[in-house]
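Undergrad: You'll find target-v1.pdb just under this line, and it carries PDB, C-alpha atoms, pLDDT in the B column.
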ATOM      1  CA  MET A 899       9.529  -8.815  -8.161  1.00 89.00           C
ATOM      2  CA  GLU A 900       5.774  -9.272  -7.641  1.00 92.00           C
ATOM      3  CA  GLU A 901       6.135 -12.985  -6.853  1.00 95.00           C
ATOM      4  CA  LYS A 902       8.865 -12.328  -4.291  1.00 96.00           C
ATOM      5  CA  ILE A 903       6.704  -9.758  -2.520  1.00 97.00           C
ATOM      6  CA  LYS A 904       3.662 -12.025  -2.710  1.00 97.00           C
ATOM      7  CA  ASP A 905       5.664 -14.795  -1.034  1.00 96.00           C
ATOM      8  CA  LEU A 906       6.707 -12.410   1.767  1.00 97.00           C
ATOM      9  CA  ILE A 907       3.233 -11.170   2.651  1.00 98.00           C
ATOM     10  CA  ILE A 908       0.689 -13.826   1.700  1.00 98.00           C
ATOM     11  CA  SER A 909       0.745 -15.747   4.979  1.00 98.00           C
ATOM     12  CA  VAL A 910       0.116 -12.725   7.224  1.00 98.00           C
ATOM     13  CA  ILE A 911      -2.685 -11.561   4.919  1.00 98.00           C
ATOM     14  CA  GLU A 912      -4.383 -14.966   4.897  1.00 98.00           C
ATOM     15  CA  GLU A 913      -3.920 -15.393   8.668  1.00 98.00           C
ATOM     16  CA  ASN A 914      -6.017 -12.247   9.074  1.00 98.00           C
ATOM     17  CA  ASN A 915      -8.848 -13.551   6.869  1.00 97.00           C
ATOM     18  CA  TYR A 916      -8.028 -11.586   3.740  1.00 97.00           C
ATOM     19  CA  ILE A 917      -7.329 -12.826   0.237  1.00 97.00           C
ATOM     20  CA  LEU A 918      -4.283 -11.565  -1.634  1.00 98.00           C
ATOM     21  CA  ASP A 919      -5.701 -10.998  -5.102  1.00 97.00           C
ATOM     22  CA  SER A 920      -2.576  -9.592  -6.730  1.00 97.00           C
ATOM     23  CA  VAL A 921       0.625  -7.615  -6.352  1.00 98.00           C
ATOM     24  CA  GLU A 922       1.540  -4.941  -8.880  1.00 97.00           C
ATOM     25  CA  TYR A 923       4.737  -2.926  -9.075  1.00 97.00           C
ATOM     26  CA  VAL A 924       4.076  -0.142 -11.560  1.00 97.00           C
ATOM     27  CA  LYS A 925       5.340   3.279 -12.558  1.00 97.00           C
ATOM     28  CA  GLU A 926       2.740   6.027 -12.689  1.00 97.00           C
ATOM     29  CA  GLY A 927       4.125   9.378 -13.709  1.00 97.00           C
ATOM     30  CA  SER A 928       7.408   9.773 -11.867  1.00 97.00           C
ATOM     31  CA  ASN A 929       6.365   7.541  -8.942  1.00 97.00           C
ATOM     32  CA  MET A 930       6.681   3.803  -8.410  1.00 97.00           C
ATOM     33  CA  PHE A 931       3.718   2.108  -6.732  1.00 97.00           C
ATOM     34  CA  LEU A 932       3.634  -1.206  -4.949  1.00 98.00           C
ATOM     35  CA  ARG A 933      -0.056  -1.977  -5.158  1.00 98.00           C
ATOM     36  CA  ILE A 934      -1.378  -4.801  -2.989  1.00 98.00           C
ATOM     37  CA  ILE A 935      -4.890  -5.779  -4.047  1.00 97.00           C
ATOM     38  CA  ILE A 936      -6.905  -7.574  -1.400  1.00 98.00           C
ATOM     39  CA  ASP A 937     -10.305  -9.181  -1.077  1.00 97.00           C
ATOM     40  CA  LYS A 938     -12.347 -10.923   1.621  1.00 96.00           C
ATOM     41  CA  GLN A 939     -15.781 -12.319   2.282  1.00 93.00           C
ATOM     42  CA  GLY A 940     -17.982  -9.230   2.342  1.00 92.00           C
ATOM     43  CA  ILE A 941     -17.003  -5.688   1.493  1.00 93.00           C
ATOM     44  CA  ILE A 942     -13.491  -4.253   1.807  1.00 95.00           C
ATOM     45  CA  ASN A 943     -13.482  -0.838   3.468  1.00 96.00           C
ATOM     46  CA  ILE A 944     -10.776   1.685   4.287  1.00 96.00           C
ATOM     47  CA  ASP A 945     -10.221   0.120   7.712  1.00 97.00           C
ATOM     48  CA  ASP A 946      -9.369  -3.191   6.023  1.00 98.00           C
ATOM     49  CA  CYS A 947      -6.844  -1.467   3.767  1.00 97.00           C
ATOM     50  CA  VAL A 948      -5.252   0.297   6.746  1.00 98.00           C
ATOM     51  CA  LYS A 949      -5.123  -2.953   8.722  1.00 98.00           C
ATOM     52  CA  VAL A 950      -3.400  -4.826   5.897  1.00 98.00           C
ATOM     53  CA  THR A 951      -1.000  -1.918   5.362  1.00 98.00           C
ATOM     54  CA  ASN A 952      -0.061  -2.076   9.048  1.00 98.00           C
ATOM     55  CA  LEU A 953       0.401  -5.857   8.823  1.00 98.00           C
ATOM     56  CA  ILE A 954       2.662  -5.889   5.759  1.00 98.00           C
ATOM     57  CA  ASN A 955       4.618  -2.663   6.183  1.00 97.00           C
ATOM     58  CA  PRO A 956       6.952  -4.064   8.896  1.00 97.00           C
ATOM     59  CA  ILE A 957       7.623  -7.139   6.738  1.00 97.00           C
ATOM     60  CA  LEU A 958       8.487  -5.016   3.715  1.00 97.00           C
ATOM     61  CA  ASP A 959      10.655  -2.722   5.843  1.00 96.00           C
ATOM     62  CA  GLN A 960      12.560  -5.649   7.332  1.00 96.00           C
ATOM     63  CA  GLU A 961      13.007  -7.651   4.125  1.00 95.00           C
ATOM     64  CA  ASP A 962      13.546  -4.534   1.950  1.00 94.00           C
ATOM     65  CA  PRO A 963      12.841  -6.321  -1.369  1.00 94.00           C
ATOM     66  CA  ILE A 964      12.803  -3.119  -3.456  1.00 94.00           C
ATOM     67  CA  ASP A 965      15.901  -0.939  -3.783  1.00 93.00           C
ATOM     68  CA  GLU A 966      14.199   2.207  -5.047  1.00 95.00           C
ATOM     69  CA  ASN A 967      11.617   4.449  -3.363  1.00 95.00           C
ATOM     70  CA  TYR A 968       7.978   3.490  -3.864  1.00 96.00           C
ATOM     71  CA  ILE A 969       4.515   4.234  -2.562  1.00 97.00           C
ATOM     72  CA  LEU A 970       2.734   1.341  -0.853  1.00 97.00           C
ATOM     73  CA  GLU A 971      -0.942   1.216  -1.739  1.00 97.00           C
ATOM     74  CA  VAL A 972      -3.332  -1.405  -0.396  1.00 98.00           C
ATOM     75  CA  CYS A 973      -6.680  -1.405  -2.157  1.00 96.00           C
ATOM     76  CA  SER A 974      -9.704  -3.571  -2.811  1.00 94.00           C
ATOM     77  CA  LYS A 975     -10.111  -5.837  -5.788  1.00 80.00           C
ATOM     78  CA  GLU A 976     -12.716  -3.481  -7.260  1.00 68.00           C
ATOM     79  CA  LYS A 977     -10.314  -0.510  -7.342  1.00 50.00           C
ATOM     80  CA  GLY A 978      -7.365  -2.569  -8.455  1.00 44.00           C
ATOM     81  CA  SER A 979      -9.129  -3.932 -11.511  1.00 44.00           C
ATOM     82  CA  LYS A 980      -9.112  -0.679 -13.458  1.00 41.00           C
TER      83      LYS A 980
END
Can you present the structure in this file as structure tokens?
TA:
Amino acid sequence: MEEKIKDLIISVIEENNYILDSVEYVKEGSNMFLRIIIDKQGIINIDDCVKVTNLINPILDQEDPIDENYILEVCSKEKGSK
């Protein structure tokens, strides 16, 4: 699942000067999370996370790679490496 999603979104992320660090599809409590962990030269801030969310959301909506409901979360490498 993670590799399929990575293949769908990596080009648009890299075209916008971000690095796709990893993709995680995990269950936390009763919710499923699709966590996209990004990096770049310099510091990732909330605006970067929002920008990447806006870039990849239409791709995920169109391709619909996940059948069940999930929460999309884009975060920095620092947060993602819990």
Undergrad: Check what the PyMOL selection byres ((chain A and resi 955) around 12) selects in the file above and give those residues as a PyMOL selection string.
TA: chain A and resi 903+906-907+910-911+932+934+947-954+956-963+969-972
Undergrad: How about saving the chosen residues, C-alpha atoms kept, as a compact mmCIF listing (two decimals), in the frame of the given file?
TA:
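The result, stored in part20.txt:
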# COMPACT_ATOMS: atom_id res chain seq x y z
CA ILE A 903 6.70 -9.76 -2.52
CA LEU A 906 6.71 -12.41 1.77
CA ILE A 907 3.23 -11.17 2.65
CA VAL A 910 0.12 -12.72 7.22
CA ILE A 911 -2.68 -11.56 4.92
CA LEU A 932 3.63 -1.21 -4.95
CA ILE A 934 -1.38 -4.80 -2.99
CA CYS A 947 -6.84 -1.47 3.77
CA VAL A 948 -5.25 0.30 6.75
CA LYS A 949 -5.12 -2.95 8.72
CA VAL A 950 -3.40 -4.83 5.90
CA THR A 951 -1.00 -1.92 5.36
CA ASN A 952 -0.06 -2.08 9.05
CA LEU A 953 0.40 -5.86 8.82
CA ILE A 954 2.66 -5.89 5.76
CA PRO A 956 6.95 -4.06 8.90
CA ILE A 957 7.62 -7.14 6.74
CA LEU A 958 8.49 -5.02 3.72
CA ASP A 959 10.66 -2.72 5.84
CA GLN A 960 12.56 -5.65 7.33
CA GLU A 961 13.01 -7.65 4.12
CA ASP A 962 13.55 -4.53 1.95
CA PRO A 963 12.84 -6.32 -1.37
CA ILE A 969 4.51 4.23 -2.56
CA LEU A 970 2.73 1.34 -0.85
CA GLU A 971 -0.94 1.22 -1.74
CA VAL A 972 -3.33 -1.40 -0.40
Undergrad: How far is it from CA of Met930 (chain A) to CA of Ile964 (chain A), in Å with one decimal?
TA: 10.5 Å
Undergrad: Please define a box with edges along x, y and z of the file around all atoms of region 970-973 of chain A given in the file, extend it by 6 Å on each side, and return its centre and edge lengths in Å to one decimal, as lines of an AutoDock Vina configuration file.
TA:
center_x = -2.0
center_y = 0.0
center_z = -1.3
size_x = 21.4
size_y = 14.7
size_z = 13.8
Undergrad: Nearest residue to Ile942 (chain A) out of A:Asn915, A:Glu900, A:Ser909, A:Glu922, using only C-alpha atoms?
TA: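 Between A:Asn915, A:Glu900, A:Ser909, A:Glu922, the residue approaching Ile942 (chain A) most closely is A:Asn915.
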Undergrad: Enter the distance from CA of Ile941 (chain A) to CA of Glu901 (chain A), in Å, rounded to one decimal.
TA: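 One can read the CA of Ile941 (chain A) to CA of Glu901 (chain A) distance as 25.7 Å.
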Undergrad: Please compute the CA of Gln939 (chain A)-CA of Tyr916 (chain A) distance, one decimal, in Å.
TA: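 We find that CA of Gln939 (chain A) and CA of Tyr916 (chain A) lie 7.9 Å from each other.
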Undergrad: Mind telling me what the PyMOL selection byres ((chain A and resi 974) around 10) catches here, as a list in words?
TA: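 On the file shown, the PyMOL selection byres ((chain A and resi 974) around 10) covers Leu918, Asp919, Ile934, Ile935, Ile936, Asp937, Lys938, Ile941, Ile942, Asn943, Ile944, Asp946, Cys947, Val972, Cys973, Lys975, Glu976, Lys977, Gly978 and Ser979 of chain A.
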Undergrad: Extract region 952-979 of chain A from the preceding block and save N, CA and C atoms as a short mmCIF file (atom, residue, chain, number, x, y, z; two decimals), in the first residue's frame.
TA:
data_model
loop_
_atom_site.label_atom_id
_atom_site.label_comp_id
_atom_site.auth_asym_id
_atom_site.auth_seq_id
_atom_site.Cartn_x
_atom_site.Cartn_y
_atom_site.Cartn_z
N ASN A 952 -2.20 20.07 -0.25
CA ASN A 952 -2.97 20.56 -1.39
C ASN A 952 -2.48 20.00 -2.72
N LEU A 953 -1.20 19.67 -2.81
CA LEU A 953 -0.65 19.08 -4.02
C LEU A 953 -1.08 17.62 -4.20
N ILE A 954 -1.06 16.86 -3.10
CA ILE A 954 -1.29 15.41 -3.23
C ILE A 954 -2.74 15.00 -3.05
N ASN A 955 -3.53 15.82 -2.39
CA ASN A 955 -4.93 15.46 -2.14
C ASN A 955 -5.70 15.18 -3.43
N PRO A 956 -5.58 16.03 -4.47
CA PRO A 956 -6.31 15.74 -5.72
C PRO A 956 -5.86 14.43 -6.37
N ILE A 957 -4.58 14.11 -6.25
CA ILE A 957 -4.06 12.86 -6.82
C ILE A 957 -4.67 11.67 -6.09
N LEU A 958 -4.68 11.74 -4.77
CA LEU A 958 -5.24 10.65 -3.98
C LEU A 958 -6.74 10.52 -4.21
N ASP A 959 -7.42 11.64 -4.35
CA ASP A 959 -8.87 11.60 -4.63
C ASP A 959 -9.14 10.96 -5.99
N GLN A 960 -8.36 11.32 -6.98
CA GLN A 960 -8.58 10.79 -8.32
C GLN A 960 -8.22 9.30 -8.41
N GLU A 961 -7.08 8.94 -7.88
CA GLU A 961 -6.61 7.55 -7.98
C GLU A 961 -7.32 6.63 -7.00
N ASP A 962 -7.74 7.17 -5.86
CA ASP A 962 -8.48 6.44 -4.82
C ASP A 962 -7.84 5.09 -4.48
N PRO A 963 -6.56 5.11 -4.02
CA PRO A 963 -5.85 3.86 -3.77
C PRO A 963 -6.26 3.12 -2.48
N ILE A 964 -7.04 3.78 -1.63
CA ILE A 964 -7.42 3.18 -0.35
C ILE A 964 -8.94 3.10 -0.28
N ASP A 965 -9.45 1.90 -0.05
CA ASP A 965 -10.91 1.69 -0.03
C ASP A 965 -11.58 2.27 1.21
N GLU A 966 -10.91 2.18 2.34
CA GLU A 966 -11.54 2.61 3.59
C GLU A 966 -11.27 4.09 3.87
N ASN A 967 -12.00 4.65 4.84
CA ASN A 967 -11.80 6.04 5.25
C ASN A 967 -10.49 6.16 5.99
N TYR A 968 -9.82 7.30 5.79
CA TYR A 968 -8.55 7.55 6.49
C TYR A 968 -8.37 9.05 6.65
N ILE A 969 -7.45 9.40 7.51
CA ILE A 969 -7.09 10.80 7.74
C ILE A 969 -5.73 11.02 7.09
N LEU A 970 -5.66 12.01 6.20
CA LEU A 970 -4.40 12.35 5.55
C LEU A 970 -3.65 13.32 6.45
N GLU A 971 -2.42 12.98 6.76
CA GLU A 971 -1.58 13.83 7.60
C GLU A 971 -0.24 14.00 6.91
N VAL A 972 0.13 15.24 6.62
CA VAL A 972 1.44 15.54 6.07
C VAL A 972 2.23 16.21 7.19
N CYS A 973 3.40 15.66 7.48
CA CYS A 973 4.20 16.20 8.58
C CYS A 973 5.68 16.17 8.22
N SER A 974 6.47 16.83 9.05
CA SER A 974 7.90 16.91 8.82
C SER A 974 8.59 15.64 9.31
N LYS A 975 9.78 15.44 8.83
CA LYS A 975 10.56 14.27 9.22
C LYS A 975 10.74 14.20 10.74
N GLU A 976 10.92 15.34 11.37
CA GLU A 976 11.13 15.35 12.82
C GLU A 976 9.93 14.79 13.56
N LYS A 977 8.70 15.20 13.16
CA LYS A 977 7.51 14.68 13.84
C LYS A 977 7.28 13.22 13.51
N GLY A 978 7.51 12.88 12.25
CA GLY A 978 7.23 11.52 11.80
C GLY A 978 8.13 10.48 12.42
N SER A 979 9.30 10.87 12.89
CA SER A 979 10.22 9.89 13.46
C SER A 979 10.05 9.81 14.97
#
